[in-house]
Amino acid sequence: MKIFDYMQKYGYEQLVMFHDKHTDLKAITCIHSTVLGPSLGGTRIWNYADENEAIEDVLRLAKGMTYKSACAGLNLGGGKSVIIADPQELRKDIVRREAFFRAFGRYVEGLSGRYITAEDMNTTTQDMDYINMETNYVCGLEHKSGNPSPFTAYGTYKAIQASCKAAFGDSSVKGKRIMVQGIGAVGYPLCRRLFADGAILFVSDINQERLNDAVREFGATIVNGDDVYSLDCDVFAPCARGGGLNDETIPKLKCKVVAGAANNVLADIEKHGKMIHDRGIFYAPDYVANAGGVINVYYELYTYDEAVVYRHIDRIYDQVLEILNTSKTTNVPTAAVADKMAEARINAIKNVNSIYLG
Ligand code: NAD
């Protein structure tokens with residue numbers, strides 16, 4: 001990838017690499033846009049095959065955050081960090097972990113508030129507390145808004161309800177066959193809500209213990225590997241890693257709705273957004289469906305009130321419905337409709353910011 005060409009094409013502001021030789025921290029932070037406010041996005045730890053894979057991931061994820069916050073009506077830009085490390089290894093050494101995240105916190109402090117971090121895959125509220133020992137540009141802290149995942153799960157549930165309304169004429173999940181791929185921090189509490197409201201659950205994960213819990217708690221049926229795509233179900237809720245919907249998997253889908261929490265669910269937004277649209281499947285754009293977590297941490301930057309947070313997340317229902325209906329009437333894929341909504345807000349506010357205040 002020609003990084004500067006890519007940054008130019010998609011309007012990226014900054015890409016920074018951090019290394020701390022004492023803890024072997026290898027972090028990459030990307031600031032896609034600060035038009036609406038400071039860039040905010042979580043820090044993900046992943047065992048990337050190489051640096052290029054990590055850079056591609058952080059670039060994509062940071063842009064997604066810009067669009068997510070714009071659509072959710074937040075005064076935030078988009079950023080993200082990835083750390084190249086083995087999550088299992090890092091978990092074993094608590095002393096190294098503290099130093100590792102405190103070193104990362106000092107680098108974040110060095111960005112002077114252009115980027116605010118939070119949890120993401122394989123980072124915890126404890127890690128955020130370590131970062132907070134070195135910088136205030138971190139949220140999702142244990143003693144403040146806490147773990148964002150249950151809020152993300154709630155927003156994803158709202159997106160599923162709205163998609164059911166558009167696809168089946170009724171928002172209820174009762175009796176609907178729902179396939180949840182990945183039952184981790186978001187997927188599991190999502191299953192809990194779906195089960196409480198009468199959904200028939202199918203689950204997949206690479207963690208057998210979680211699968212056993214879901215069978216016990218929700219009477220869920222386990223589905224293995226790629227069988228998730230061809231399962232005869234009403235709703236497919238991807239809640240593992242992104243990129244699952246591609247040339248190979250989209251033709252297999254038997255569901256009428258795709259709505260889940262995973263970021264970058266479509267391998268190629270344009271191409272696969274169109275493929276899914278042409279198949280008549282209702283796709284709730286990922287960054288709209290999974291905005292509950294960022295909405296929750298956003299309020300930590302102001303006055304945190306859980307009731308206000310839930311009311312804000314409730315709006316995801318109307319937004320998803322509006323996107324799906326617009327897509328139906330204009331014959332434009334939902335992913336493109338959402339992008340246009342985000343871009344319209346960013347461009348409008350860019351003009352507001354040009355007013356000189358003296
Ligand atoms: P997590 O790591 O807690 O859960 C992911 C789950 O997926 C794990 O149980 C893992 O074992 C499982 N998994 C991994 N590979 C799999 C595979 N091939 N098939 C089936 N299961 C697999 O992560 P999370 O916080 O629940 O996040 C899930 C997704 O939602 C991610 O894409 C994340 O970026 C996105 N997301 C999360 C939040 C949040 O608040 N946590 C917010 C927005 C978006």
# chains A, B, ... in the order shown; residues from 1 in each chain; ligands from 1

call {"tool": "residues_near_ligand", "arguments": {"ligand": "ligand 1", "cutoff": "6 Å", "atoms": "only C-alpha atoms and all ligand atoms", "output": "ChimeraX atom specification"}}
result
/A:120-121,148-149,152,181-187,204-207,239-242,261-263,290,293

call {"tool": "write_last_selection", "arguments": {"atoms": "N, CA and C atoms", "output": "compact mmCIF listing (two decimals), in the first residue's frame"}}
result
# COMPACT_ATOMS: atom_id res chain seq x y z
N ASP A 120 -10.89 -1.55 23.36
CA ASP A 120 -11.33 -2.25 22.15
C ASP A 120 -10.96 -3.72 22.35
N MET A 121 -10.88 -4.46 21.27
CA MET A 121 -10.62 -5.90 21.40
C MET A 121 -9.32 -6.15 22.17
N PRO A 148 -17.70 -0.38 27.78
CA PRO A 148 -18.70 0.04 26.79
C PRO A 148 -19.50 -1.11 26.17
N SER A 149 -19.01 -2.35 26.32
CA SER A 149 -19.60 -3.46 25.55
C SER A 149 -21.10 -3.68 25.78
N THR A 152 -22.83 -1.19 23.71
CA THR A 152 -22.76 -1.57 22.29
C THR A 152 -23.80 -2.65 22.00
N GLN A 181 -22.64 -14.55 15.58
CA GLN A 181 -21.27 -15.03 15.34
C GLN A 181 -20.32 -14.27 16.27
N GLY A 182 -19.74 -14.97 17.25
CA GLY A 182 -18.85 -14.31 18.22
C GLY A 182 -19.65 -13.88 19.44
N ILE A 183 -19.49 -14.65 20.54
CA ILE A 183 -20.29 -14.33 21.73
C ILE A 183 -19.35 -13.87 22.85
N GLY A 184 -18.62 -12.78 22.55
CA GLY A 184 -17.69 -12.20 23.52
C GLY A 184 -18.34 -11.07 24.28
N ALA A 185 -17.56 -10.00 24.49
CA ALA A 185 -18.00 -8.89 25.35
C ALA A 185 -19.30 -8.24 24.85
N VAL A 186 -19.51 -8.23 23.52
CA VAL A 186 -20.75 -7.66 22.98
C VAL A 186 -21.76 -8.77 22.65
N GLY A 187 -21.28 -9.80 21.97
CA GLY A 187 -22.18 -10.86 21.50
C GLY A 187 -22.95 -11.53 22.63
N SER A 204 -21.94 -19.06 17.38
CA SER A 204 -20.65 -19.65 16.99
C SER A 204 -19.56 -18.86 17.69
N ASP A 205 -18.50 -19.56 18.04
CA ASP A 205 -17.35 -18.91 18.67
C ASP A 205 -16.19 -19.89 18.60
N ILE A 206 -14.98 -19.36 18.81
CA ILE A 206 -13.83 -20.27 18.86
C ILE A 206 -13.52 -20.64 20.32
N ASN A 207 -14.31 -20.06 21.23
CA ASN A 207 -14.13 -20.32 22.65
C ASN A 207 -15.23 -21.28 23.13
N CYS A 239 -20.63 -10.60 15.30
CA CYS A 239 -20.09 -9.93 16.49
C CYS A 239 -18.69 -10.45 16.81
N ALA A 240 -17.97 -10.90 15.78
CA ALA A 240 -16.58 -11.33 16.00
C ALA A 240 -15.68 -10.30 15.31
N ARG A 241 -14.73 -10.73 14.50
CA ARG A 241 -13.90 -9.75 13.76
C ARG A 241 -14.56 -9.39 12.44
N GLY A 242 -14.07 -8.31 11.82
CA GLY A 242 -14.68 -7.84 10.58
C GLY A 242 -14.26 -8.65 9.35
N ALA A 261 -22.47 -6.26 15.62
CA ALA A 261 -21.59 -5.27 16.24
C ALA A 261 -20.22 -5.19 15.59
N ALA A 262 -19.83 -6.22 14.84
CA ALA A 262 -18.45 -6.25 14.31
C ALA A 262 -18.19 -5.05 13.42
N ASN A 263 -17.02 -4.46 13.57
CA ASN A 263 -16.59 -3.36 12.71
C ASN A 263 -16.14 -3.90 11.36
N ASN A 290 -23.31 -0.36 15.80
CA ASN A 290 -22.46 -0.62 16.97
C ASN A 290 -21.99 0.67 17.68
N GLY A 293 -21.36 1.90 22.20
CA GLY A 293 -20.16 2.02 23.04
C GLY A 293 -19.55 3.40 22.98

call {"tool": "select_by_dssp", "arguments": {"residues": "stretch 200-334 of chain A", "states": "alpha helix (DSSP H)", "output": "ChimeraX atom specification"}}
result
/A:208-218,227-230,269-278,286-289,292-300,306-330,334

call {"tool": "select_by_dssp", "arguments": {"residues": "stretch 242-308 of chain A", "states": "strand (DSSP E)", "output": "JSON, numbers by chain"}}
result
{"A": [257, 258, 282, 283]}

call {"tool": "closest_residue", "arguments": {"among": "A:Met341, A:Val297, A:Ala167, A:Val257", "to": "A:Glu142", "atoms": "only C-alpha atoms"}}
result
A:Val297

call {"tool": "residues_around", "arguments": {"residues": "A:Leu194", "least_positions_apart": "6", "cutoff": "9 Å", "atoms": "only C-alpha atoms", "output": "list of chain:residue names"}}
result
A:Tyr157, A:Val173, A:Lys174, A:Ile178, A:Ile200, A:Leu201

call {"tool": "write_last_selection", "arguments": {"atoms": "N, CA and C atoms", "output": "mmCIF file, in the first residue's frame"}}
result
data_model
loop_
_atom_site.group_PDB
_atom_site.id
_atom_site.type_symbol
_atom_site.label_atom_id
_atom_site.label_comp_id
_atom_site.auth_asym_id
_atom_site.auth_seq_id
_atom_site.Cartn_x
_atom_site.Cartn_y
_atom_site.Cartn_z
ATOM 1 N N TYR A 157 -28.836 -4.329 19.539
ATOM 2 C CA TYR A 157 -30.186 -4.887 19.677
ATOM 3 C C TYR A 157 -31.212 -3.948 19.029
ATOM 4 N N VAL A 173 -38.374 -9.493 18.046
ATOM 5 C CA VAL A 173 -37.470 -10.605 17.709
ATOM 6 C C VAL A 173 -38.070 -11.945 18.149
ATOM 7 N N LYS A 174 -39.252 -11.902 18.733
ATOM 8 C CA LYS A 174 -39.881 -13.128 19.252
ATOM 9 C C LYS A 174 -40.048 -14.156 18.126
ATOM 10 N N ILE A 178 -32.050 -16.295 15.089
ATOM 11 C CA ILE A 178 -30.959 -15.310 15.017
ATOM 12 C C ILE A 178 -29.598 -15.984 15.238
ATOM 13 N N ILE A 200 -34.905 -17.222 18.928
ATOM 14 C CA ILE A 200 -34.328 -18.574 18.905
ATOM 15 C C ILE A 200 -32.879 -18.403 18.473
ATOM 16 N N LEU A 201 -31.958 -18.776 19.365
ATOM 17 C CA LEU A 201 -30.559 -18.397 19.141
ATOM 18 C C LEU A 201 -29.675 -19.516 18.583
#

call {"tool": "residues_around", "arguments": {"residues": "A:Arg279", "least_positions_apart": "6", "cutoff": "12 Å", "atoms": "only C-alpha atoms", "output": "PyMOL selection string"}}
result
chain A and resi 250-258+272-273+333

call {"tool": "closest_residue", "arguments": {"among": "A:Lys2, A:Arg114, A:Arg193, A:His32", "to": "A:Gly78", "atoms": "only C-alpha atoms"}}
result
A:His32

call {"tool": "atom_distance", "arguments": {"atom1": "atom CA of A:Gly105", "atom2": "atom CA of A:Val58"}}
result
17.7 Å

call {"tool": "decode", "arguments": {"residues": "stretch 90-119 of chain A", "atoms": "N, CA and C atoms", "output": "CSV table (one decimal), in the first residue's frame"}}
result
chain,number,residue,atom,x,y,z
A,90,LEU,N,0.5,-11.3,26.7
A,90,LEU,CA,0.5,-10.0,27.4
A,90,LEU,C,-0.3,-10.2,28.7
A,91,ARG,N,-1.3,-11.1,28.6
A,91,ARG,CA,-2.2,-11.3,29.8
A,91,ARG,C,-1.4,-12.0,30.9
A,92,LYS,N,-0.3,-12.8,30.6
A,92,LYS,CA,0.4,-13.6,31.5
A,92,LYS,C,1.2,-12.8,32.5
A,93,ASP,N,1.7,-11.6,32.0
A,93,ASP,CA,2.7,-10.8,32.8
A,93,ASP,C,2.1,-9.5,33.2
A,94,ILE,N,1.6,-9.4,34.5
A,94,ILE,CA,0.9,-8.2,35.0
A,94,ILE,C,1.9,-7.1,35.1
A,95,VAL,N,3.1,-7.3,35.5
A,95,VAL,CA,4.1,-6.3,35.7
A,95,VAL,C,4.4,-5.6,34.4
A,96,ARG,N,4.6,-6.4,33.4
A,96,ARG,CA,4.9,-5.9,32.0
A,96,ARG,C,3.7,-5.1,31.5
A,97,ARG,N,2.5,-5.7,31.8
A,97,ARG,CA,1.3,-5.1,31.3
A,97,ARG,C,1.1,-3.6,31.8
A,98,GLU,N,1.4,-3.4,33.1
A,98,GLU,CA,1.2,-2.0,33.6
A,98,GLU,C,2.2,-1.1,32.9
A,99,ALA,N,3.4,-1.5,32.8
A,99,ALA,CA,4.5,-0.6,32.2
A,99,ALA,C,4.1,-0.4,30.7
A,100,PHE,N,3.7,-1.5,30.1
A,100,PHE,CA,3.3,-1.4,28.6
A,100,PHE,C,2.2,-0.4,28.4
A,101,PHE,N,1.1,-0.4,29.2
A,101,PHE,CA,0.1,0.6,29.0
A,101,PHE,C,0.4,2.0,29.5
A,102,ARG,N,1.2,2.0,30.5
A,102,ARG,CA,1.6,3.4,30.9
A,102,ARG,C,2.5,4.0,29.9
A,103,ALA,N,3.4,3.2,29.3
A,103,ALA,CA,4.2,3.8,28.2
A,103,ALA,C,3.3,4.2,27.1
A,104,PHE,N,2.3,3.4,26.7
A,104,PHE,CA,1.4,3.8,25.7
A,104,PHE,C,0.7,5.1,26.1
A,105,GLY,N,0.3,5.2,27.4
A,105,GLY,CA,-0.4,6.5,27.9
A,105,GLY,C,0.5,7.7,27.7
A,106,ARG,N,1.8,7.5,27.8
A,106,ARG,CA,2.7,8.7,27.7
A,106,ARG,C,2.7,9.1,26.2
A,107,TYR,N,2.7,8.2,25.3
A,107,TYR,CA,2.6,8.5,23.9
A,107,TYR,C,1.3,9.2,23.5
A,108,VAL,N,0.2,8.7,24.1
A,108,VAL,CA,-1.1,9.3,23.8
A,108,VAL,C,-1.1,10.8,24.3
A,109,GLU,N,-0.5,11.0,25.5
A,109,GLU,CA,-0.4,12.3,26.1
A,109,GLU,C,0.4,13.2,25.1
A,110,GLY,N,1.4,12.7,24.4
A,110,GLY,CA,2.2,13.4,23.5
A,110,GLY,C,1.4,13.9,22.3
A,111,LEU,N,0.2,13.4,22.1
A,111,LEU,CA,-0.6,13.8,21.0
A,111,LEU,C,-1.5,15.0,21.4
A,112,SER,N,-1.4,15.4,22.7
A,112,SER,CA,-2.0,16.7,23.2
A,112,SER,C,-3.5,16.8,23.0
A,113,GLY,N,-4.2,15.7,23.0
A,113,GLY,CA,-5.6,15.7,23.0
A,113,GLY,C,-6.2,15.6,21.6
A,114,ARG,N,-5.3,15.5,20.6
A,114,ARG,CA,-5.9,15.3,19.2
A,114,ARG,C,-6.5,13.9,19.1
A,115,TYR,N,-6.1,13.0,20.0
A,115,TYR,CA,-6.6,11.6,20.0
A,115,TYR,C,-6.9,11.2,21.5
A,116,ILE,N,-8.1,10.6,21.7
A,116,ILE,CA,-8.5,10.1,23.0
A,116,ILE,C,-8.8,8.6,22.8
A,117,THR,N,-8.2,7.8,23.7
A,117,THR,CA,-8.3,6.4,23.5
A,117,THR,C,-9.4,5.8,24.4
A,118,ALA,N,-9.7,4.5,24.2
A,118,ALA,CA,-10.7,3.8,25.0
A,118,ALA,C,-10.4,2.3,24.8
A,119,GLU,N,-11.3,1.4,25.4
A,119,GLU,CA,-11.1,0.0,25.2
A,119,GLU,C,-11.4,-0.5,23.8
